[in-house]
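Chemist: Structure file start-v6.pdb (PDB, C-alpha atoms) is given on the next line.
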```pdb
ATOM      1  CA  MET H1310      86.927 138.181 130.142
ATOM      2  CA  THR H1311      84.846 135.253 128.887
ATOM      3  CA  THR H1312      85.326 132.095 130.934
ATOM      4  CA  ILE H1313      85.473 128.684 129.270
ATOM      5  CA  GLN H1314      84.537 125.765 131.525
ATOM      6  CA  LEU H1315      85.879 122.439 130.282
ATOM      7  CA  LEU H1316      83.624 119.517 131.157
ATOM      8  CA  ASN H1317      85.798 116.540 130.165
ATOM      9  CA  ILE H1318      89.452 115.627 129.531
ATOM     10  CA  PRO H1319      90.038 115.023 125.796
ATOM     11  CA  ASN H1320      93.006 113.281 124.209
ATOM     12  CA  PHE H1321      95.821 114.933 122.241
ATOM     13  CA  TYR H1322      93.699 115.592 119.137
ATOM     14  CA  SER H1323      92.098 118.530 120.970
ATOM     15  CA  SER H1324      95.442 120.104 121.911
ATOM     16  CA  TYR H1325      95.157 122.838 119.280
ATOM     17  CA  TYR H1326      91.847 124.069 120.666
ATOM     18  CA  LEU H1327      92.988 123.830 124.267
ATOM     19  CA  LEU H1328      95.911 126.051 123.287
ATOM     20  CA  GLY H1329      93.744 128.548 121.414
ATOM     21  CA  LEU H1330      91.094 128.782 124.131
ATOM     22  CA  SER H1331      93.724 129.312 126.834
ATOM     23  CA  GLN H1332      95.425 132.034 124.755
ATOM     24  CA  THR H1333      92.194 133.952 124.312
ATOM     25  CA  TYR H1334      89.942 133.269 127.294
ATOM     26  CA  THR H1335      89.993 132.227 130.935
ATOM     27  CA  VAL H1336      89.891 128.420 130.946
ATOM     28  CA  LYS H1337      88.761 126.354 133.926
ATOM     29  CA  PHE H1338      88.161 122.635 134.310
ATOM     30  CA  LYS H1339      85.324 121.037 136.248
ATOM     31  CA  MET H1340      84.550 117.423 135.454
ATOM     32  CA  ASP H1341      80.899 116.804 134.636
ATOM     33  CA  LYS H1342      80.053 113.253 135.668
ATOM     34  CA  ASN H1343      77.712 112.985 132.684
ATOM     35  CA  PHE H1344      80.720 113.280 130.348
ATOM     36  CA  ILE H1345      83.251 111.012 132.057
ATOM     37  CA  LYS H1346      82.788 108.413 129.322
ATOM     38  CA  PHE H1347      84.114 110.957 126.796
ATOM     39  CA  ASN H1348      87.449 111.342 128.592
ATOM     40  CA  ASN H1349      90.541 110.355 126.599
ATOM     41  CA  LYS H1350      88.623 110.643 123.333
ATOM     42  CA  PRO H1351      89.026 113.142 120.478
ATOM     43  CA  ILE H1352      86.078 115.136 121.832
ATOM     44  CA  LEU H1353      86.202 118.378 123.815
ATOM     45  CA  ILE H1354      83.059 119.413 125.709
ATOM     46  CA  PHE H1355      82.893 122.885 127.206
ATOM     47  CA  LYS H1356      80.470 125.484 128.483
ATOM     48  CA  VAL H1357      80.216 129.256 128.109
ATOM     49  CA  ASN H1358      77.540 131.076 130.153
ATOM     50  CA  ASP H1359      75.673 127.789 130.745
ATOM     51  CA  THR H1360      75.679 127.074 126.995
ATOM     52  CA  ILE H1361      77.291 123.756 126.025
ATOM     53  CA  ALA H1362      79.356 123.191 122.889
ATOM     54  CA  VAL H1363      81.199 120.166 121.516
ATOM     55  CA  ILE H1364      84.371 120.056 119.406
ATOM     56  CA  ASP H1365      84.544 116.646 117.701
ATOM     57  CA  ASN H1366      87.985 115.840 116.259
ATOM     58  CA  ASP H1367      87.213 112.189 115.517
ATOM     59  CA  ASP H1368      87.304 110.485 112.122
ATOM     60  CA  PRO H1369      84.107 111.293 110.211
ATOM     61  CA  SER H1370      81.686 108.541 111.190
ATOM     62  CA  GLY H1371      78.771 110.769 112.203
ATOM     63  CA  VAL H1372      78.029 112.961 115.216
ATOM     64  CA  ASN H1373      77.465 111.557 118.687
ATOM     65  CA  GLN H1374      73.738 112.060 118.869
ATOM     66  CA  GLU H1375      73.662 112.129 122.656
ATOM     67  CA  LEU H1376      76.071 115.060 122.719
ATOM     68  CA  TYR H1377      74.381 116.702 119.761
ATOM     69  CA  GLU H1378      71.096 116.899 121.665
ATOM     70  CA  LEU H1379      72.814 118.519 124.668
ATOM     71  CA  ALA H1380      74.911 121.039 122.722
ATOM     72  CA  SER H1381      73.920 124.401 121.297
ATOM     73  CA  ILE H1382      76.569 123.929 118.600
ATOM     74  CA  TYR H1383      78.357 120.730 117.602
ATOM     75  CA  PHE H1384      81.659 121.581 115.875
ATOM     76  CA  VAL H1385      83.324 118.913 113.727
ATOM     77  CA  THR H1386      86.780 118.702 112.168
ATOM     78  CA  ASN H1387      85.477 116.757 109.175
ATOM     79  CA  LYS H1388      81.932 117.752 108.198
ATOM     80  CA  LEU H1389      81.372 115.368 105.320
ATOM     81  CA  ILE H1390      79.383 116.687 102.398
ATOM     82  CA  ASP H1391      76.047 114.939 101.756
ATOM     83  CA  HIS H1392      76.164 112.961 105.009
ATOM     84  CA  ASP H1393      72.838 112.967 106.880
ATOM     85  CA  SER H1394      74.385 113.009 110.344
ATOM     86  CA  TYR H1395      76.501 116.078 109.533
ATOM     87  CA  SER H1396      73.617 117.856 107.793
ATOM     88  CA  GLN H1397      71.830 118.535 111.080
ATOM     89  CA  ASN H1398      71.286 122.205 111.907
ATOM     90  CA  LYS H1399      73.601 122.502 114.904
ATOM     91  CA  VAL H1400      76.619 120.905 113.193
ATOM     92  CA  LYS H1401      79.255 123.465 112.199
ATOM     93  CA  PRO H1402      82.592 122.901 110.411
ATOM     94  CA  LEU H1403      86.017 123.754 111.801
ATOM     95  CA  TYR H1404      89.068 125.123 110.032
ATOM     96  CA  PRO H1405      92.097 122.869 109.457
ATOM     97  CA  HIS H1406      94.211 122.363 112.590
ATOM     98  CA  TYR H1407      96.764 119.885 113.940
ATOM     99  CA  PRO H1408      97.901 118.411 117.290
ATOM    100  CA  VAL H1409     100.716 120.249 119.057
ATOM    101  CA  ASN H1410     102.801 119.832 122.183
ATOM    102  CA  ILE H1411     100.938 121.420 125.113
ATOM    103  CA  VAL H1412     102.163 119.134 127.906
ATOM    104  CA  LEU H1413     102.627 121.911 130.479
ATOM    105  CA  LEU H1414      99.289 123.506 129.617
ATOM    106  CA  TYR H1415      97.547 120.113 129.603
ATOM    107  CA  CYS H1416      98.852 119.302 133.081
ATOM    108  CA  ARG H1417      98.091 122.786 134.378
ATOM    109  CA  ILE H1418      94.491 122.781 133.147
ATOM    110  CA  PHE H1419      93.515 119.287 134.248
ATOM    111  CA  GLY H1420      95.909 118.877 137.167
ATOM    112  CA  LEU H1421      94.920 116.141 139.592
ATOM    113  CA  GLY H1422      92.010 115.310 137.296
ATOM    114  CA  LEU H1423      94.473 113.387 135.131
ATOM    115  CA  PHE H1424      95.136 111.022 138.039
ATOM    116  CA  ARG H1425      91.520 110.888 139.110
ATOM    117  CA  TYR H1426      89.863 110.277 135.751
ATOM    118  CA  PHE H1427      92.615 108.592 133.702
ATOM    119  CA  LYS H1428      94.261 105.257 134.188
ATOM    120  CA  ILE H1429      97.998 105.730 134.739
ATOM    121  CA  LYS H1430      98.758 103.973 131.462
ATOM    122  CA  ASP H1431      96.399 106.266 129.524
ATOM    123  CA  MET H1432      97.743 109.405 131.185
ATOM    124  CA  VAL H1433     101.363 108.465 130.433
ATOM    125  CA  GLN H1434     100.442 107.654 126.837
ATOM    126  CA  GLN H1435      98.788 111.047 126.271
ATOM    127  CA  ILE H1436     101.723 112.930 127.772
ATOM    128  CA  TYR H1437     104.166 110.876 125.686
ATOM    129  CA  ILE H1438     102.246 111.624 122.479
ATOM    130  CA  LEU H1439     102.078 115.337 123.266
ATOM    131  CA  LEU H1440     105.800 115.481 124.062
ATOM    132  CA  ARG H1441     106.619 113.972 120.673
ATOM    133  CA  ARG H1442     104.623 116.618 118.809
ATOM    134  CA  PRO H1443     106.320 119.933 117.917
ATOM    135  CA  LEU H1444     105.487 122.990 119.972
ATOM    136  CA  TYR H1445     103.134 125.326 118.149
ATOM    137  CA  SER H1446     104.948 127.993 116.203
ATOM    138  CA  GLN H1447     103.554 130.459 113.720
ATOM    139  CA  TYR H1448     106.105 129.980 110.962
ATOM    140  CA  LYS H1449     107.702 132.987 109.328
ATOM    141  CA  LYS H1450     106.960 133.595 105.687
ATOM    142  CA  SER H1451     109.507 131.728 103.576
ATOM    143  CA  PHE H1452     108.410 130.538 100.161
ATOM    144  CA  LYS H1453     111.621 129.977  98.189
ATOM    145  CA  LYS H1454     112.432 126.255  98.199
ATOM    146  CA  ASP H1455     114.964 123.915  96.632
ATOM    147  CA  ASN H1456     113.668 121.039  94.492
ATOM    148  CA  PHE H1457     113.373 118.831  97.555
ATOM    149  CA  ILE H1458     110.258 116.846  98.442
ATOM    150  CA  PHE H1459     109.658 114.894 101.611
ATOM    151  CA  PHE H1460     106.682 112.561 101.812
ATOM    152  CA  SER H1461     106.231 109.676 104.238
ATOM    153  CA  SER H1462     102.992 107.921 105.118
ATOM    154  CA  ASN H1463     101.378 104.722 106.304
ATOM    155  CA  ILE H1464      99.767 102.061 104.155
ATOM    156  CA  TRP H1465      96.131 101.829 105.222
ATOM    157  CA  LYS H1466      94.223  98.582 105.271
ATOM    158  CA  LYS H1467      90.817  99.945 104.244
ATOM    159  CA  GLU H1468      91.709 103.011 102.184
ATOM    160  CA  SER H1469      92.872 101.621  98.828
ATOM    161  CA  GLU H1470      92.179 104.883  96.947
ATOM    162  CA  THR H1471      94.345 106.828  99.384
ATOM    163  CA  ASN H1472      97.105 104.221  99.172
ATOM    164  CA  GLN H1473      97.135 104.446  95.385
ATOM    165  CA  ILE H1474      97.246 108.260  95.342
ATOM    166  CA  ARG H1475     100.186 108.206  97.757
ATOM    167  CA  ALA H1476     101.993 105.422  95.899
ATOM    168  CA  GLU H1477     101.744 107.296  92.588
ATOM    169  CA  PHE H1478     103.154 110.401  94.252
ATOM    170  CA  ILE H1479     106.081 108.449  95.707
ATOM    171  CA  ARG H1480     106.815 106.812  92.340
ATOM    172  CA  PHE H1481     106.669 110.142  90.536
ATOM    173  CA  CYS H1482     109.009 111.828  93.014
ATOM    174  CA  LYS H1483     111.486 108.949  92.900
ATOM    175  CA  THR H1484     111.704 108.869  89.109
ATOM    176  CA  ASP H1485     111.771 112.604  88.323
ATOM    177  CA  THR H1486     115.463 113.509  88.180
ATOM    178  CA  ARG H1487     114.772 117.152  88.960
ATOM    179  CA  ILE H1488     113.652 116.219  92.479
ATOM    180  CA  THR H1489     115.656 115.272  95.529
ATOM    181  CA  PHE H1490     113.206 112.960  97.269
ATOM    182  CA  ARG H1491     113.163 111.554 100.777
ATOM    183  CA  GLY H1492     110.515 109.306 102.260
ATOM    184  CA  GLY H1493     108.122 106.580 101.128
ATOM    185  CA  PHE H1494     105.646 104.207 102.707
ATOM    186  CA  ILE H1495     106.289 103.037 106.249
ATOM    187  CA  PRO H1496     106.360  99.205 106.242
ATOM    188  CA  ARG H1497     103.405  97.602 108.003
ATOM    189  CA  SER H1498     104.193  95.741 111.212
ATOM    190  CA  ASN H1499     102.640  92.500 109.933
ATOM    191  CA  GLY H1500     104.785  92.512 106.779
ATOM    192  CA  ASP H1501     101.789  92.773 104.429
ATOM    193  CA  ASN H1502     102.514  95.905 102.405
ATOM    194  CA  TYR H1503      99.771  95.334  99.822
ATOM    195  CA  GLY H1504     102.193  95.152  96.899
ATOM    196  CA  PHE H1505     103.913  98.478  97.576
ATOM    197  CA  CYS H1506     107.356  97.000  98.201
ATOM    198  CA  LYS H1507     109.096  99.362  95.753
ATOM    199  CA  GLU H1508     107.593 102.386  97.490
ATOM    200  CA  LEU H1509     108.748 101.443 100.993
ATOM    201  CA  ASN H1510     110.979 103.600 103.125
ATOM    202  CA  ASN H1511     113.304 102.137 105.740
ATOM    203  CA  GLU H1512     113.577 105.293 107.833
ATOM    204  CA  ILE H1513     111.284 106.100 110.750
ATOM    205  CA  TYR H1514     110.720 109.790 111.449
ATOM    206  CA  SER H1515     109.710 111.248 114.782
ATOM    207  CA  PRO H1516     106.897 113.826 114.550
ATOM    208  CA  LYS H1517     109.396 116.634 115.128
ATOM    209  CA  ILE H1518     111.770 115.437 112.361
ATOM    210  CA  PHE H1519     108.785 114.832 110.085
ATOM    211  CA  SER H1520     107.699 118.436 110.614
ATOM    212  CA  LYS H1521     111.197 119.829 109.937
ATOM    213  CA  LEU H1522     111.578 117.849 106.710
ATOM    214  CA  SER H1523     108.089 118.780 105.516
ATOM    215  CA  ALA H1524     108.865 122.470 105.993
ATOM    216  CA  LYS H1525     111.699 122.181 103.427
ATOM    217  CA  SER H1526     109.534 120.669 100.683
ATOM    218  CA  LYS H1527     108.944 122.327  97.332
ATOM    219  CA  ILE H1528     105.423 120.907  97.265
ATOM    220  CA  ALA H1529     103.246 118.982  99.724
ATOM    221  CA  LEU H1530     100.482 116.504  98.933
ATOM    222  CA  ASN H1531      97.091 116.707 100.606
ATOM    223  CA  ASN H1532      95.212 113.511  99.802
ATOM    224  CA  PRO H1533      91.951 112.025 101.126
ATOM    225  CA  ALA H1534      92.340 110.581 104.616
ATOM    226  CA  VAL H1535      90.089 108.134 106.495
ATOM    227  CA  ARG H1536      86.542 108.116 105.078
ATOM    228  CA  GLY H1537      87.207 111.245 103.051
ATOM    229  CA  ALA H1538      88.563 113.312 105.929
ATOM    230  CA  VAL H1539      91.179 115.997 105.379
ATOM    231  CA  SER H1540      94.444 115.131 107.096
ATOM    232  CA  TRP H1541      95.529 117.391 109.941
ATOM    233  CA  ARG H1542      98.834 117.715 108.081
ATOM    234  CA  LEU H1543      97.149 120.186 105.720
ATOM    235  CA  ALA H1544      97.058 122.823 108.464
ATOM    236  CA  GLU H1545     100.712 122.256 109.290
ATOM    237  CA  TYR H1546     101.678 122.526 105.602
ATOM    238  CA  LEU H1547      99.789 125.813 105.294
ATOM    239  CA  ASN H1548     101.417 127.185 108.425
ATOM    240  CA  GLN H1549     104.821 126.269 106.988
ATOM    241  CA  GLY H1550     104.042 128.222 103.829
ATOM    242  CA  LEU H1551     104.177 125.228 101.488
ATOM    243  CA  PHE H1552     102.763 124.913  97.999
ATOM    244  CA  VAL H1553     100.007 122.312  98.496
ATOM    245  CA  ILE H1554      98.646 119.989  95.819
ATOM    246  CA  SER H1555      95.241 118.748  96.917
ATOM    247  CA  PHE H1556      92.608 116.361  95.695
ATOM    248  CA  PRO H1557      89.020 117.688  95.954
ATOM    249  CA  PHE H1558      87.674 118.006  99.478
ATOM    250  CA  LYS H1559      84.866 115.781 100.678
ATOM    251  CA  ILE H1560      84.195 118.023 103.656
ATOM    252  CA  GLU H1561      82.807 121.492 104.271
ATOM    253  CA  LEU H1562      84.904 124.332 105.666
ATOM    254  CA  PRO H1563      83.759 127.628 107.201
ATOM    255  CA  GLN H1564      85.690 129.398 104.437
ATOM    256  CA  ASN H1565      86.475 127.415 101.295
ATOM    257  CA  PHE H1566      89.830 127.484  99.541
ATOM    258  CA  MET H1567      89.970 129.057  96.102
ATOM    259  CA  GLN H1568      91.254 126.861  93.296
ATOM    260  CA  GLY H1569      94.555 128.027  91.931
ATOM    261  CA  TYR H1570      94.876 130.734  94.578
ATOM    262  CA  GLU H1571      95.513 129.180  98.003
ATOM    263  CA  LEU H1572      95.776 125.528  96.951
ATOM    264  CA  CYS H1573      96.417 123.728  93.688
ATOM    265  CA  PHE H1574      93.550 121.266  93.220
ATOM    266  CA  ILE H1575      93.925 118.280  90.920
ATOM    267  CA  GLU H1576      91.615 115.409  89.964
ATOM    268  CA  GLU H1577      94.055 112.708  88.809
ATOM    269  CA  THR H1578      97.528 111.488  89.755
ATOM    270  CA  THR H1579      98.596 111.994  86.131
ATOM    271  CA  GLU H1580      98.578 115.744  86.887
ATOM    272  CA  TYR H1581     101.568 115.506  89.240
ATOM    273  CA  LYS H1582     104.018 116.116  86.385
ATOM    274  CA  TYR H1583     102.039 119.044  84.970
ATOM    275  CA  VAL H1584     102.011 120.771  88.354
ATOM    276  CA  LEU H1585     105.702 120.179  89.044
ATOM    277  CA  ASP H1586     106.647 121.422  85.563
ATOM    278  CA  LYS H1587     104.724 124.621  86.225
ATOM    279  CA  VAL H1588     106.151 125.034  89.709
ATOM    280  CA  ILE H1589     109.767 124.603  88.562
ATOM    281  CA  ASP H1590     109.384 126.747  85.450
ATOM    282  CA  ASN H1591     107.444 129.541  87.166
ATOM    283  CA  SER H1592     108.736 130.503  90.605
ATOM    284  CA  ASP H1593     106.189 133.339  90.841
ATOM    285  CA  TYR H1594     103.339 130.822  90.478
ATOM    286  CA  HIS H1595     104.866 128.598  93.162
ATOM    287  CA  GLU H1596     105.395 131.449  95.608
ATOM    288  CA  SER H1597     101.963 132.974  94.969
ATOM    289  CA  ILE H1598     100.074 129.775  95.848
ATOM    290  CA  ALA H1599     102.294 129.173  98.889
ATOM    291  CA  GLU H1600     101.930 132.762 100.113
ATOM    292  CA  ASN H1601      98.146 132.809  99.717
ATOM    293  CA  GLY H1602      97.843 129.474 101.517
ATOM    294  CA  LYS H1603      99.918 130.900 104.363
ATOM    295  CA  LEU H1604      97.673 133.967 104.460
ATOM    296  CA  TYR H1605      94.618 131.687 104.737
ATOM    297  CA  PHE H1606      96.230 129.943 107.692
ATOM    298  CA  ASP H1607      97.298 133.159 109.423
ATOM    299  CA  THR H1608      93.801 134.605 108.977
ATOM    300  CA  TYR H1609      91.589 131.670 109.921
ATOM    301  CA  CYS H1610      93.618 128.775 111.296
ATOM    302  CA  THR H1611      95.838 129.988 114.135
ATOM    303  CA  PRO H1612      94.835 128.623 117.555
ATOM    304  CA  MET H1613      93.657 132.063 118.649
ATOM    305  CA  ALA H1614      91.647 132.685 115.456
ATOM    306  CA  GLN H1615      89.941 129.297 115.744
ATOM    307  CA  ALA H1616      89.145 129.798 119.436
ATOM    308  CA  LYS H1617      87.502 133.128 118.631
ATOM    309  CA  TYR H1618      85.558 131.570 115.750
ATOM    310  CA  VAL H1619      84.204 128.811 117.992
ATOM    311  CA  VAL H1620      83.322 130.948 121.017
ATOM    312  CA  GLU H1621      81.865 133.874 119.082
ATOM    313  CA  LEU H1622      79.673 131.545 117.029
ATOM    314  CA  LEU H1623      78.512 129.936 120.267
ATOM    315  CA  LEU H1624      77.766 133.268 121.980
ATOM    316  CA  ASN H1625      75.826 134.477 118.961
ATOM    317  CA  SER H1626      73.844 131.271 118.493
TER     318      SER H1626
END
```
Would you mind writing the file out in structure tokens?

Modeler:
Amino acid sequence: MTTIQLLNIPNFYSSYYLLGLSQTYTVKFKMDKNFIKFNNKPILIFKVNDTIAVIDNDDPSGVNQELYELASIYFVTNKLIDHDSYSQNKVKPLYPHYPVNIVLLYCRIFGLGLFRYFKIKDMVQQIYILLRRPLYSQYKKSFKKDNFIFFSSNIWKKESETNQIRAEFIRFCKTDTRITFRGGFIPRSNGDNYGFCKELNNEIYSPKIFSKLSAKSKIALNNPAVRGAVSWRLAEYLNQGLFVISFPFKIELPQNFMQGYELCFIEETTEYKYVLDKVIDNSDYHESIAENGKLYFDTYCTPMAQAKYVVELLLNS
């Protein structure tokens, strides 16, 4: 069996790949002193047969050039289109994925390394975050939904376009009498909610409750995240078999989604009503998109499928 040697200790954003690699291959950890500075970051560095690869789960601000030079392949969660740094030959895109609870696996893989290479505060924080995430589960196919929509999100300081897209969705859901809506914007801690007072939500949802409520939704919104990234919630929505409305991607994927087949792509917020009308009036349309999105996830996006994609591409490079 192929052996994966982990060379650093990443933070919780790499949990999905740690799970997939451990399900598929023999995983061992041996700290490389050259990569200590990448501990507790959204970067996983590993080696197969003396060949180094990097999985970069950070927000899309460009590759780490130092790691790029050392790696045979540099995988990125958000490979921005028309971005010079991500256009380099060794940069490869990843499929959508999301952080999951792997506390026992995390402790088993890294063991005493957590005490040796993490500050106690940082170690406790990572374990706490992982514990709050749901365990990974490959959801059963279930596409019939009531007219219920759950949507809750933060108000971002520097992403006005994203804020507006989310606000319009919240307003639409609140005013359409056909929908039972739950959610809204989470109030900012400093009290400055950028004029979105009517869209605020007073409830706070744990990640596990958030996931359960999302799974019940008739439709889910995938909107641009930080710097054009695709939110990790997309993968969770697809796994749950949800009908996903999405704005155009600004990133590359190994296998693109087909418009009107696996996702419903829109260009403007004014299209929310058109899509909901079609979804409510045509249950076959709703279930077809949801089912095909779930098939995409089950084919390409499970932890095991993604681990195989990464390692096989590395071995064949």

Chemist: My list of candidates is H:Gly1602, H:Glu1596, H:Val1357, H:Phe1519. Which is closest to H:Gln1568 when distances are computed with only C-alpha atoms?

Modeler: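 Distance minimum relative to H:Gln1568 lands on H:Gly1602.
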
Chemist: Could you give me, as a ChimeraX atom specification, the residues within 9 Å of stretch 1489-1500 of chain H, counting all atoms listed in the file and dropping anything in the same chain fewer than 3 positions from it?

Modeler: /H:1455-1465,1475-1476,1479-1480,1482-1483,1485-1486,1505-1506,1508-1513,1522

Chemist: Suppose you want the space between atom CA of H:Pro1563 and atom CA of H:Glu1577; what is it in Å?

Modeler: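 These atoms are spaced 25.8 Å apart.
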
Chemist: How many Å separate atom CA of H:Ser1540 from atom CA of H:Lys1388?

Modeler: 12.8 Å

Chemist: Which residue is closest to H:Pro1516? Choose from H:Ile1589, H:Ala1529, H:Tyr1407, H:Leu1421 and count all atoms listed in the file.

Modeler: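 Of the candidates, the smallest distance to H:Pro1516 is held by H:Tyr1407.
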
Chemist: Would you kindly translate the PyMOL selection byres ((chain H and resi 1438) around 12) into the concrete residues it picks from this file, as a PyMOL selection string?

Modeler: chain H and resi 1320-1322+1324+1408-1412+1431-1437+1439-1443+1515-1517

Chemist: Just C-alpha atoms for this one: save the residues we selected as a short mmCIF file (atom, residue, chain, number, x, y, z; two decimals), keeping the file's coordinate frame.

Modeler:
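That gives us selection20.cif:
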```
data_model
loop_
_atom_site.label_atom_id
_atom_site.label_comp_id
_atom_site.auth_asym_id
_atom_site.auth_seq_id
_atom_site.Cartn_x
_atom_site.Cartn_y
_atom_site.Cartn_z
CA ASN H 1320 93.01 113.28 124.21
CA PHE H 1321 95.82 114.93 122.24
CA TYR H 1322 93.70 115.59 119.14
CA SER H 1324 95.44 120.10 121.91
CA PRO H 1408 97.90 118.41 117.29
CA VAL H 1409 100.72 120.25 119.06
CA ASN H 1410 102.80 119.83 122.18
CA ILE H 1411 100.94 121.42 125.11
CA VAL H 1412 102.16 119.13 127.91
CA ASP H 1431 96.40 106.27 129.52
CA MET H 1432 97.74 109.40 131.18
CA VAL H 1433 101.36 108.46 130.43
CA GLN H 1434 100.44 107.65 126.84
CA GLN H 1435 98.79 111.05 126.27
CA ILE H 1436 101.72 112.93 127.77
CA TYR H 1437 104.17 110.88 125.69
CA LEU H 1439 102.08 115.34 123.27
CA LEU H 1440 105.80 115.48 124.06
CA ARG H 1441 106.62 113.97 120.67
CA ARG H 1442 104.62 116.62 118.81
CA PRO H 1443 106.32 119.93 117.92
CA SER H 1515 109.71 111.25 114.78
CA PRO H 1516 106.90 113.83 114.55
CA LYS H 1517 109.40 116.63 115.13
#
```

Chemist: With a distance cut-off of 10 Å and all atoms listed in the file, select the neighbouring residues of H:Gly1422, excluding the residue or stretch itself and same-chain residues fewer than 2 positions from it, and output the selection as a VMD selection string.

Modeler: chain H and resid 1317 to 1318 1338 to 1340 1416 1418 to 1420 1424 to 1427

Chemist: For H:Pro1533, which residue out of H:Asn1548, H:Val1588, H:Ser1469, H:Lys1507 is the nearest one, using all atoms listed in the file?

Modeler: H:Ser1469

Chemist: For a test of reading the model, state the distance in Å between atom CA of H:Leu1547 and atom CA of H:Ser1451, rounded to one decimal.

Modeler: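 Rounded to one decimal, the two atoms are 11.5 Å apart.
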
Chemist: Using all atoms listed in the file, find each residue of stretch 1399-1454 of chain H with at least one atom at most 10 Å away from an atom of stretch 1550-1554 of chain H; report its shortest atom-to-atom pair and that distance in Å (one decimal), sort the rows by chain and rising residue number, and return the result as CSV.

Modeler:
```
residue,atom,partner,partner_atom,distance
H:Tyr1448,CA,H:Gly1550,CA,7.6
H:Lys1449,CA,H:Gly1550,CA,8.1
H:Lys1450,CA,H:Gly1550,CA,6.4
H:Ser1451,CA,H:Gly1550,CA,6.5
H:Phe1452,CA,H:Gly1550,CA,6.2
H:Lys1453,CA,H:Leu1551,CA,9.4
H:Lys1454,CA,H:Leu1551,CA,8.9
```

Chemist: Give the padded box for stretch 1576-1581 of chain H as JSON: axis-aligned, covering all atoms listed in the file, 5 Å on each side, centre and edge lengths in Å to one decimal.

Modeler:
```
{"center_x": 96.6, "center_y": 113.6, "center_z": 88.0, "size_x": 20.0, "size_y": 14.3, "size_z": 13.8}
```

Chemist: Enumerate, as a PyMOL selection string, the residues matched when the PyMOL selection byres ((chain H and resi 1331) around 12) is run on the file above.

Modeler: chain H and resi 1310-1315+1324-1330+1332-1338+1411+1414-1415+1417-1418+1612-1613+1615-1617

Chemist: Go through H:Tyr1609, H:Thr1360, H:Ile1390, H:Arg1487 one by one, measure the shortest atom-to-atom distance of each to H:Asp1586 using all atoms listed in the file, and give the residue with the smallest value.

Modeler: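 Counting all atoms listed in the file, the residue closest to H:Asp1586 is H:Arg1487.
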
Chemist: Quick one: which residues end up in the PyMOL selection byres ((chain H and resi 1541) around 8) for this structure, as a ChimeraX atom specification?

Modeler: /H:1405-1408,1539-1540,1542-1545

Chemist: Please determine, counting all atoms listed in the file, which residue among H:Ala1538, H:Leu1376, H:Leu1623, H:Val1363 has the shortest atom-to-atom distance to H:Ser1323.

Modeler: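 Using all atoms listed in the file, the shortest distance to H:Ser1323 belongs to H:Val1363.
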